[in-house]
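Undergrad: The structure's right below; bear with me while I get my questions together.
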Protein chains: 2
Amino acid sequence: MKYNAEVKISLKKGMLNPEASTIQRALALLGYEVKGTDTIQTIKFTIDEEDEKVAREEVDDMCQRLLCNPVIHDYEIKITPDNS
Amino acid sequence: MKYNAEVKISLKKGMLNPEASTIQRALALLGYEVKGTDTIQTIKFTIDEEDEKVAREEVDDMCQRLLCNPVIHDYEIKITPDNS
């Protein structure tokens, strides 16, 4: 069965996020005052596995091996059946 | 009042996404077969405005002027009251 997988990758709490700081500074230069800027990277794909549990384990494996750096990243996996 | 703003930025349909292709190829090299890989960038921040409508307009402005490139990007804005 086909599943849509969505992996949300963010930096762990306390890690510096230079991208977010740059965005916040650039917004301030344009006159927009915002706070607590943060960025999240989302990777989406479809995967073909027998059930949701296996799909989740497979995607977790991908995160550990390639998609994330577990030392600095937190990640969140969402698996939904692909009905298309 | 304070609002949490979330801007989801993705490439318009039909635009090449080299980042996604690279991820899909790298996953294939590790033996994971996935399809339709796509990436989305999310920027989050808090903003102080009188009401939700004004906050949304302000964030839309930021998207047009700095956060997105309207020629190649689609964006989606989510505004929620910040209860913290």
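Each chain of the structure tokens is named A, B, ... in the order shown, its residues numbered from 1; ligands are numbered from 1 in display order.
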Compile a residue-level contact table for chain A against chain B at a cut-off of 6 Å, reporting for every qualifying residue the shortest atom pair and its distance in Å to one decimal, with only C-alpha atoms counted, rows ordered by chain and ascending number, as a tab-separated table.

TA:
residue	atom	partner	partner_atom	distance
A:Val34	CA	B:Ile47	CA	4.9
A:Lys35	CA	B:Thr46	CA	5.2
A:Gly36	CA	B:Phe45	CA	5.2
A:Thr37	CA	B:Phe45	CA	4.2
A:Asp38	CA	B:Lys44	CA	5.1
A:Thr39	CA	B:Ile43	CA	4.6
A:Ile40	CA	B:Thr42	CA	4.9
A:Gln41	CA	B:Gln41	CA	5.1
A:Thr42	CA	B:Ile40	CA	5.0
A:Ile43	CA	B:Thr39	CA	4.6
A:Lys44	CA	B:Asp38	CA	5.1
A:Phe45	CA	B:Thr37	CA	4.2
A:Thr46	CA	B:Lys35	CA	5.2
A:Ile47	CA	B:Val34	CA	4.9

Undergrad: Find the residues around A:Cys63 up to 9 Å (only C-alpha atoms counted), leave out those fewer than 6 positions away in its own chain, and share them as a compact mmCIF listing (two decimals) with all heavy atoms, in the first residue's frame.

TA:
# COMPACT_ATOMS: atom_id res chain seq x y z
N VAL A 7 8.31 14.45 6.70
CA VAL A 7 9.31 14.54 7.76
C VAL A 7 9.59 16.02 8.04
O VAL A 7 9.99 16.75 7.14
CB VAL A 7 10.63 13.85 7.35
CG1 VAL A 7 11.64 13.93 8.48
CG2 VAL A 7 10.38 12.41 6.96
N ASN A 69 20.45 15.00 11.01
CA ASN A 69 21.61 14.78 11.84
C ASN A 69 21.10 14.74 13.28
O ASN A 69 20.79 15.77 13.87
CB ASN A 69 22.59 15.94 11.65
CG ASN A 69 23.79 15.81 12.56
OD1 ASN A 69 23.79 15.00 13.48
ND2 ASN A 69 24.80 16.62 12.31
N PRO A 70 21.00 13.51 13.85
CA PRO A 70 20.36 13.37 15.17
C PRO A 70 21.07 14.16 16.27
O PRO A 70 20.49 14.40 17.32
CB PRO A 70 20.46 11.86 15.44
CG PRO A 70 20.73 11.22 14.13
CD PRO A 70 21.47 12.24 13.31
N TYR A 75 13.26 15.58 14.75
CA TYR A 75 12.40 15.33 13.59
C TYR A 75 11.09 14.69 14.00
O TYR A 75 10.97 14.09 15.06
CB TYR A 75 13.12 14.51 12.52
CG TYR A 75 13.57 13.14 12.94
CD1 TYR A 75 12.73 12.05 12.81
CD2 TYR A 75 14.82 12.94 13.47
CE1 TYR A 75 13.13 10.78 13.20
CE2 TYR A 75 15.24 11.69 13.87
CZ TYR A 75 14.39 10.61 13.73
OH TYR A 75 14.80 9.37 14.13

Undergrad: Please produce chain B as a PDB file with N, CA and C atoms, in the first residue's frame once it has been superposed on chain A, the fit using all Cα atoms paired in sequence order.

TA:
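The resulting file, part01.pdb, is shown below:
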ATOM      1  N   MET B   1       0.794  -1.202  -0.012  1.00  0.00           N
ATOM      2  CA  MET B   1      -0.028   0.008   0.011  1.00  0.00           C
ATOM      3  C   MET B   1       0.843   1.265   0.002  1.00  0.00           C
ATOM      4  N   LYS B   2       0.308   2.303  -0.614  1.00  0.00           N
ATOM      5  CA  LYS B   2       1.078   3.551  -0.704  1.00  0.00           C
ATOM      6  C   LYS B   2       0.785   4.497   0.455  1.00  0.00           C
ATOM      7  N   TYR B   3       1.828   5.113   0.968  1.00  0.00           N
ATOM      8  CA  TYR B   3       1.682   6.076   2.063  1.00  0.00           C
ATOM      9  C   TYR B   3       2.390   7.380   1.723  1.00  0.00           C
ATOM     10  N   ASN B   4       1.788   8.472   2.148  1.00  0.00           N
ATOM     11  CA  ASN B   4       2.470   9.760   2.071  1.00  0.00           C
ATOM     12  C   ASN B   4       3.257   9.953   3.352  1.00  0.00           C
ATOM     13  N   ALA B   5       4.533  10.218   3.213  1.00  0.00           N
ATOM     14  CA  ALA B   5       5.368  10.464   4.386  1.00  0.00           C
ATOM     15  C   ALA B   5       5.770  11.932   4.406  1.00  0.00           C
ATOM     16  N   GLU B   6       5.752  12.496   5.613  1.00  0.00           N
ATOM     17  CA  GLU B   6       6.148  13.892   5.767  1.00  0.00           C
ATOM     18  C   GLU B   6       7.120  13.959   6.938  1.00  0.00           C
ATOM     19  N   VAL B   7       8.311  14.442   6.714  1.00  0.00           N
ATOM     20  CA  VAL B   7       9.314  14.538   7.767  1.00  0.00           C
ATOM     21  C   VAL B   7       9.594  16.011   8.044  1.00  0.00           C
ATOM     22  N   LYS B   8       9.318  16.444   9.276  1.00  0.00           N
ATOM     23  CA  LYS B   8       9.582  17.833   9.655  1.00  0.00           C
ATOM     24  C   LYS B   8      10.877  17.885  10.443  1.00  0.00           C
ATOM     25  N   ILE B   9      11.834  18.627   9.957  1.00  0.00           N
ATOM     26  CA  ILE B   9      13.151  18.675  10.587  1.00  0.00           C
ATOM     27  C   ILE B   9      13.411  20.070  11.138  1.00  0.00           C
ATOM     28  N   SER B  10      13.679  20.142  12.422  1.00  0.00           N
ATOM     29  CA  SER B  10      14.002  21.445  13.016  1.00  0.00           C
ATOM     30  C   SER B  10      15.267  21.306  13.850  1.00  0.00           C
ATOM     31  N   LEU B  11      15.879  22.421  14.143  1.00  0.00           N
ATOM     32  CA  LEU B  11      17.071  22.383  14.984  1.00  0.00           C
ATOM     33  C   LEU B  11      16.657  22.143  16.430  1.00  0.00           C
ATOM     34  N   LYS B  12      17.457  21.407  17.168  1.00  0.00           N
ATOM     35  CA  LYS B  12      17.174  21.168  18.585  1.00  0.00           C
ATOM     36  C   LYS B  12      17.176  22.493  19.329  1.00  0.00           C
ATOM     37  N   LYS B  13      16.430  22.529  20.411  1.00  0.00           N
ATOM     38  CA  LYS B  13      16.376  23.729  21.240  1.00  0.00           C
ATOM     39  C   LYS B  13      17.773  24.119  21.698  1.00  0.00           C
ATOM     40  N   GLY B  14      18.100  25.383  21.599  1.00  0.00           N
ATOM     41  CA  GLY B  14      19.395  25.834  22.061  1.00  0.00           C
ATOM     42  C   GLY B  14      20.429  25.914  20.958  1.00  0.00           C
ATOM     43  N   MET B  15      20.152  25.248  19.808  1.00  0.00           N
ATOM     44  CA  MET B  15      21.072  25.351  18.667  1.00  0.00           C
ATOM     45  C   MET B  15      20.895  26.716  18.021  1.00  0.00           C
ATOM     46  N   LEU B  16      21.991  27.309  17.604  1.00  0.00           N
ATOM     47  CA  LEU B  16      21.906  28.571  16.878  1.00  0.00           C
ATOM     48  C   LEU B  16      21.307  28.325  15.498  1.00  0.00           C
ATOM     49  N   ASN B  17      20.439  29.212  15.061  1.00  0.00           N
ATOM     50  CA  ASN B  17      19.849  29.098  13.731  1.00  0.00           C
ATOM     51  C   ASN B  17      20.157  30.375  12.941  1.00  0.00           C
ATOM     52  N   PRO B  18      21.303  30.402  12.257  1.00  0.00           N
ATOM     53  CA  PRO B  18      21.724  31.621  11.558  1.00  0.00           C
ATOM     54  C   PRO B  18      20.752  32.037  10.464  1.00  0.00           C
ATOM     55  N   GLU B  19      20.094  31.043   9.837  1.00  0.00           N
ATOM     56  CA  GLU B  19      19.127  31.363   8.785  1.00  0.00           C
ATOM     57  C   GLU B  19      17.986  32.200   9.378  1.00  0.00           C
ATOM     58  N   ALA B  20      17.456  31.732  10.513  1.00  0.00           N
ATOM     59  CA  ALA B  20      16.353  32.443  11.161  1.00  0.00           C
ATOM     60  C   ALA B  20      16.786  33.834  11.618  1.00  0.00           C
ATOM     61  N   SER B  21      17.995  33.936  12.168  1.00  0.00           N
ATOM     62  CA  SER B  21      18.463  35.257  12.619  1.00  0.00           C
ATOM     63  C   SER B  21      18.581  36.216  11.446  1.00  0.00           C
ATOM     64  N   THR B  22      19.079  35.692  10.323  1.00  0.00           N
ATOM     65  CA  THR B  22      19.231  36.548   9.140  1.00  0.00           C
ATOM     66  C   THR B  22      17.880  37.047   8.657  1.00  0.00           C
ATOM     67  N   ILE B  23      16.898  36.139   8.626  1.00  0.00           N
ATOM     68  CA  ILE B  23      15.549  36.525   8.194  1.00  0.00           C
ATOM     69  C   ILE B  23      15.001  37.607   9.122  1.00  0.00           C
ATOM     70  N   GLN B  24      15.152  37.395  10.436  1.00  0.00           N
ATOM     71  CA  GLN B  24      14.610  38.350  11.394  1.00  0.00           C
ATOM     72  C   GLN B  24      15.276  39.725  11.248  1.00  0.00           C
ATOM     73  N   ARG B  25      16.593  39.718  11.013  1.00  0.00           N
ATOM     74  CA  ARG B  25      17.316  40.971  10.842  1.00  0.00           C
ATOM     75  C   ARG B  25      16.879  41.678   9.548  1.00  0.00           C
ATOM     76  N   ALA B  26      16.720  40.899   8.481  1.00  0.00           N
ATOM     77  CA  ALA B  26      16.312  41.481   7.198  1.00  0.00           C
ATOM     78  C   ALA B  26      14.911  42.072   7.302  1.00  0.00           C
ATOM     79  N   LEU B  27      14.007  41.363   8.005  1.00  0.00           N
ATOM     80  CA  LEU B  27      12.647  41.882   8.203  1.00  0.00           C
ATOM     81  C   LEU B  27      12.699  43.188   8.998  1.00  0.00           C
ATOM     82  N   ALA B  28      13.563  43.242  10.005  1.00  0.00           N
ATOM     83  CA  ALA B  28      13.695  44.453  10.827  1.00  0.00           C
ATOM     84  C   ALA B  28      14.171  45.620   9.963  1.00  0.00           C
ATOM     85  N   LEU B  29      15.091  45.349   9.050  1.00  0.00           N
ATOM     86  CA  LEU B  29      15.599  46.399   8.167  1.00  0.00           C
ATOM     87  C   LEU B  29      14.493  46.963   7.281  1.00  0.00           C
ATOM     88  N   LEU B  30      13.510  46.120   6.958  1.00  0.00           N
ATOM     89  CA  LEU B  30      12.383  46.580   6.141  1.00  0.00           C
ATOM     90  C   LEU B  30      11.277  47.188   7.006  1.00  0.00           C
ATOM     91  N   GLY B  31      11.490  47.201   8.330  1.00  0.00           N
ATOM     92  CA  GLY B  31      10.516  47.831   9.213  1.00  0.00           C
ATOM     93  C   GLY B  31       9.506  46.892   9.843  1.00  0.00           C
ATOM     94  N   TYR B  32       9.685  45.578   9.661  1.00  0.00           N
ATOM     95  CA  TYR B  32       8.759  44.628  10.266  1.00  0.00           C
ATOM     96  C   TYR B  32       9.378  44.090  11.551  1.00  0.00           C
ATOM     97  N   GLU B  33       8.658  44.274  12.655  1.00  0.00           N
ATOM     98  CA  GLU B  33       9.232  43.787  13.894  1.00  0.00           C
ATOM     99  C   GLU B  33       8.620  42.454  14.283  1.00  0.00           C
ATOM    100  N   VAL B  34       9.373  41.404  14.154  1.00  0.00           N
ATOM    101  CA  VAL B  34       8.892  40.073  14.534  1.00  0.00           C
ATOM    102  C   VAL B  34       9.862  39.483  15.553  1.00  0.00           C
ATOM    103  N   LYS B  35       9.383  38.473  16.255  1.00  0.00           N
ATOM    104  CA  LYS B  35      10.211  37.853  17.299  1.00  0.00           C
ATOM    105  C   LYS B  35      10.202  36.341  17.186  1.00  0.00           C
ATOM    106  N   GLY B  36      11.185  35.718  17.797  1.00  0.00           N
ATOM    107  CA  GLY B  36      11.207  34.251  17.894  1.00  0.00           C
ATOM    108  C   GLY B  36      11.188  33.550  16.560  1.00  0.00           C
ATOM    109  N   THR B  37      11.898  34.095  15.581  1.00  0.00           N
ATOM    110  CA  THR B  37      11.900  33.487  14.254  1.00  0.00           C
ATOM    111  C   THR B  37      12.553  32.111  14.278  1.00  0.00           C
ATOM    112  N   ASP B  38      11.936  31.181  13.579  1.00  0.00           N
ATOM    113  CA  ASP B  38      12.469  29.828  13.509  1.00  0.00           C
ATOM    114  C   ASP B  38      12.186  29.267  12.116  1.00  0.00           C
ATOM    115  N   THR B  39      13.002  28.314  11.691  1.00  0.00           N
ATOM    116  CA  THR B  39      12.765  27.706  10.382  1.00  0.00           C
ATOM    117  C   THR B  39      12.638  26.192  10.532  1.00  0.00           C
ATOM    118  N   ILE B  40      11.796  25.614   9.695  1.00  0.00           N
ATOM    119  CA  ILE B  40      11.592  24.176   9.695  1.00  0.00           C
ATOM    120  C   ILE B  40      11.677  23.682   8.258  1.00  0.00           C
ATOM    121  N   GLN B  41      12.373  22.572   8.086  1.00  0.00           N
ATOM    122  CA  GLN B  41      12.481  21.984   6.753  1.00  0.00           C
ATOM    123  C   GLN B  41      11.554  20.783   6.695  1.00  0.00           C
ATOM    124  N   THR B  42      10.721  20.715   5.657  1.00  0.00           N
ATOM    125  CA  THR B  42       9.832  19.562   5.512  1.00  0.00           C
ATOM    126  C   THR B  42      10.185  18.795   4.241  1.00  0.00           C
ATOM    127  N   ILE B  43      10.322  17.495   4.370  1.00  0.00           N
ATOM    128  CA  ILE B  43      10.564  16.649   3.195  1.00  0.00           C
ATOM    129  C   ILE B  43       9.371  15.719   3.053  1.00  0.00           C
ATOM    130  N   LYS B  44       8.788  15.696   1.846  1.00  0.00           N
ATOM    131  CA  LYS B  44       7.604  14.858   1.598  1.00  0.00           C
ATOM    132  C   LYS B  44       7.910  13.857   0.495  1.00  0.00           C
ATOM    133  N   PHE B  45       7.367  12.677   0.608  1.00  0.00           N
ATOM    134  CA  PHE B  45       7.480  11.704  -0.487  1.00  0.00           C
ATOM    135  C   PHE B  45       6.438  10.614  -0.294  1.00  0.00           C
ATOM    136  N   THR B  46       6.276   9.758  -1.298  1.00  0.00           N
ATOM    137  CA  THR B  46       5.386   8.609  -1.129  1.00  0.00           C
ATOM    138  C   THR B  46       6.237   7.359  -1.071  1.00  0.00           C
ATOM    139  N   ILE B  47       5.756   6.398  -0.282  1.00  0.00           N
ATOM    140  CA  ILE B  47       6.510   5.178  -0.063  1.00  0.00           C
ATOM    141  C   ILE B  47       5.533   4.011  -0.123  1.00  0.00           C
ATOM    142  N   ASP B  48       5.999   2.881  -0.632  1.00  0.00           N
ATOM    143  CA  ASP B  48       5.140   1.720  -0.809  1.00  0.00           C
ATOM    144  C   ASP B  48       5.541   0.648   0.203  1.00  0.00           C
ATOM    145  N   GLU B  49       4.706   0.433   1.220  1.00  0.00           N
ATOM    146  CA  GLU B  49       5.006  -0.590   2.244  1.00  0.00           C
ATOM    147  C   GLU B  49       3.731  -1.335   2.609  1.00  0.00           C
ATOM    148  N   GLU B  50       3.871  -2.489   3.282  1.00  0.00           N
ATOM    149  CA  GLU B  50       2.661  -3.269   3.581  1.00  0.00           C
ATOM    150  C   GLU B  50       1.715  -2.591   4.566  1.00  0.00           C
ATOM    151  N   ASP B  51       2.268  -1.974   5.626  1.00  0.00           N
ATOM    152  CA  ASP B  51       1.362  -1.259   6.527  1.00  0.00           C
ATOM    153  C   ASP B  51       2.039  -0.004   7.104  1.00  0.00           C
ATOM    154  N   GLU B  52       1.239   0.741   7.868  1.00  0.00           N
ATOM    155  CA  GLU B  52       1.691   2.046   8.343  1.00  0.00           C
ATOM    156  C   GLU B  52       2.894   1.924   9.275  1.00  0.00           C
ATOM    157  N   LYS B  53       2.886   0.873  10.110  1.00  0.00           N
ATOM    158  CA  LYS B  53       3.963   0.690  11.084  1.00  0.00           C
ATOM    159  C   LYS B  53       5.297   0.471  10.367  1.00  0.00           C
ATOM    160  N   VAL B  54       5.292  -0.388   9.372  1.00  0.00           N
ATOM    161  CA  VAL B  54       6.518  -0.666   8.618  1.00  0.00           C
ATOM    162  C   VAL B  54       6.993   0.601   7.912  1.00  0.00           C
ATOM    163  N   ALA B  55       6.027   1.346   7.333  1.00  0.00           N
ATOM    164  CA  ALA B  55       6.382   2.583   6.627  1.00  0.00           C
ATOM    165  C   ALA B  55       7.053   3.562   7.590  1.00  0.00           C
ATOM    166  N   ARG B  56       6.481   3.676   8.798  1.00  0.00           N
ATOM    167  CA  ARG B  56       7.039   4.609   9.780  1.00  0.00           C
ATOM    168  C   ARG B  56       8.464   4.203  10.184  1.00  0.00           C
ATOM    169  N   GLU B  57       8.665   2.904  10.389  1.00  0.00           N
ATOM    170  CA  GLU B  57      10.009   2.423  10.751  1.00  0.00           C
ATOM    171  C   GLU B  57      11.008   2.705   9.643  1.00  0.00           C
ATOM    172  N   GLU B  58      10.561   2.475   8.418  1.00  0.00           N
ATOM    173  CA  GLU B  58      11.429   2.707   7.252  1.00  0.00           C
ATOM    174  C   GLU B  58      11.821   4.192   7.172  1.00  0.00           C
ATOM    175  N   VAL B  59      10.836   5.067   7.345  1.00  0.00           N
ATOM    176  CA  VAL B  59      11.117   6.503   7.254  1.00  0.00           C
ATOM    177  C   VAL B  59      12.012   6.943   8.423  1.00  0.00           C
ATOM    178  N   ASP B  60      11.784   6.363   9.606  1.00  0.00           N
ATOM    179  CA  ASP B  60      12.633   6.683  10.751  1.00  0.00           C
ATOM    180  C   ASP B  60      14.085   6.307  10.456  1.00  0.00           C
ATOM    181  N   ASP B  61      14.251   5.150   9.834  1.00  0.00           N
ATOM    182  CA  ASP B  61      15.571   4.697   9.391  1.00  0.00           C
ATOM    183  C   ASP B  61      16.231   5.709   8.448  1.00  0.00           C
ATOM    184  N   MET B  62      15.450   6.175   7.478  1.00  0.00           N
ATOM    185  CA  MET B  62      15.968   7.170   6.517  1.00  0.00           C
ATOM    186  C   MET B  62      16.426   8.421   7.239  1.00  0.00           C
ATOM    187  N   CYS B  63      15.634   8.830   8.256  1.00  0.00           N
ATOM    188  CA  CYS B  63      15.976  10.029   9.014  1.00  0.00           C
ATOM    189  C   CYS B  63      17.320   9.844   9.708  1.00  0.00           C
ATOM    190  N   GLN B  64      17.476   8.695  10.358  1.00  0.00           N
ATOM    191  CA  GLN B  64      18.704   8.423  11.101  1.00  0.00           C
ATOM    192  C   GLN B  64      19.914   8.354  10.174  1.00  0.00           C
ATOM    193  N   ARG B  65      19.708   7.754   9.001  1.00  0.00           N
ATOM    194  CA  ARG B  65      20.853   7.500   8.127  1.00  0.00           C
ATOM    195  C   ARG B  65      21.168   8.642   7.181  1.00  0.00           C
ATOM    196  N   LEU B  66      20.156   9.416   6.784  1.00  0.00           N
ATOM    197  CA  LEU B  66      20.431  10.414   5.745  1.00  0.00           C
ATOM    198  C   LEU B  66      19.773  11.778   5.962  1.00  0.00           C
ATOM    199  N   LEU B  67      18.454  11.757   6.267  1.00  0.00           N
ATOM    200  CA  LEU B  67      17.720  13.020   6.200  1.00  0.00           C
ATOM    201  C   LEU B  67      18.077  13.993   7.329  1.00  0.00           C
ATOM    202  N   CYS B  68      18.352  13.457   8.517  1.00  0.00           N
ATOM    203  CA  CYS B  68      18.619  14.336   9.658  1.00  0.00           C
ATOM    204  C   CYS B  68      19.998  14.057  10.239  1.00  0.00           C
ATOM    205  N   ASN B  69      20.444  14.986  11.020  1.00  0.00           N
ATOM    206  CA  ASN B  69      21.617  14.778  11.850  1.00  0.00           C
ATOM    207  C   ASN B  69      21.102  14.721  13.292  1.00  0.00           C
ATOM    208  N   PRO B  70      21.008  13.513  13.862  1.00  0.00           N
ATOM    209  CA  PRO B  70      20.370  13.364  15.182  1.00  0.00           C
ATOM    210  C   PRO B  70      21.076  14.160  16.283  1.00  0.00           C
ATOM    211  N   VAL B  71      22.304  14.566  16.030  1.00  0.00           N
ATOM    212  CA  VAL B  71      23.020  15.352  17.038  1.00  0.00           C
ATOM    213  C   VAL B  71      22.432  16.761  17.159  1.00  0.00           C
ATOM    214  N   ILE B  72      22.033  17.331  16.034  1.00  0.00           N
ATOM    215  CA  ILE B  72      21.544  18.717  16.076  1.00  0.00           C
ATOM    216  C   ILE B  72      20.061  18.876  15.714  1.00  0.00           C
ATOM    217  N   HIS B  73      19.469  17.848  15.125  1.00  0.00           N
ATOM    218  CA  HIS B  73      18.083  17.992  14.662  1.00  0.00           C
ATOM    219  C   HIS B  73      17.067  17.202  15.481  1.00  0.00           C
ATOM    220  N   ASP B  74      15.884  17.776  15.616  1.00  0.00           N
ATOM    221  CA  ASP B  74      14.707  17.027  16.050  1.00  0.00           C
ATOM    222  C   ASP B  74      13.903  16.728  14.788  1.00  0.00           C
ATOM    223  N   TYR B  75      13.263  15.573  14.745  1.00  0.00           N
ATOM    224  CA  TYR B  75      12.407  15.328  13.588  1.00  0.00           C
ATOM    225  C   TYR B  75      11.099  14.685  14.000  1.00  0.00           C
ATOM    226  N   GLU B  76      10.129  14.869  13.123  1.00  0.00           N
ATOM    227  CA  GLU B  76       8.761  14.436  13.396  1.00  0.00           C
ATOM    228  C   GLU B  76       8.264  13.792  12.113  1.00  0.00           C
ATOM    229  N   ILE B  77       7.753  12.571  12.237  1.00  0.00           N
ATOM    230  CA  ILE B  77       7.328  11.838  11.040  1.00  0.00           C
ATOM    231  C   ILE B  77       5.809  11.726  11.014  1.00  0.00           C
ATOM    232  N   LYS B  78       5.212  12.028   9.866  1.00  0.00           N
ATOM    233  CA  LYS B  78       3.766  11.859   9.717  1.00  0.00           C
ATOM    234  C   LYS B  78       3.524  10.933   8.536  1.00  0.00           C
ATOM    235  N   ILE B  79       2.796   9.848   8.775  1.00  0.00           N
ATOM    236  CA  ILE B  79       2.494   8.889   7.705  1.00  0.00           C
ATOM    237  C   ILE B  79       0.986   8.888   7.487  1.00  0.00           C
ATOM    238  N   THR B  80       0.551   9.120   6.258  1.00  0.00           N
ATOM    239  CA  THR B  80      -0.883   9.048   5.960  1.00  0.00           C
ATOM    240  C   THR B  80      -1.092   8.202   4.712  1.00  0.00           C
ATOM    241  N   PRO B  81      -2.183   7.419   4.671  1.00  0.00           N
ATOM    242  CA  PRO B  81      -2.443   6.606   3.486  1.00  0.00           C
ATOM    243  C   PRO B  81      -2.610   7.498   2.253  1.00  0.00           C
ATOM    244  N   ASP B  82      -2.045   7.073   1.158  1.00  0.00           N
ATOM    245  CA  ASP B  82      -2.158   7.845  -0.087  1.00  0.00           C
ATOM    246  C   ASP B  82      -3.376   7.335  -0.852  1.00  0.00           C
ATOM    247  N   ASN B  83      -4.431   8.156  -0.875  1.00  0.00           N
ATOM    248  CA  ASN B  83      -5.679   7.716  -1.497  1.00  0.00           C
ATOM    249  C   ASN B  83      -5.791   8.060  -2.976  1.00  0.00           C
ATOM    250  N   SER B  84      -4.776   8.695  -3.501  1.00  0.00           N
ATOM    251  CA  SER B  84      -4.894   9.111  -4.911  1.00  0.00           C
ATOM    252  C   SER B  84      -4.690   7.921  -5.852  1.00  0.00           C
TER     253      SER B  84
END
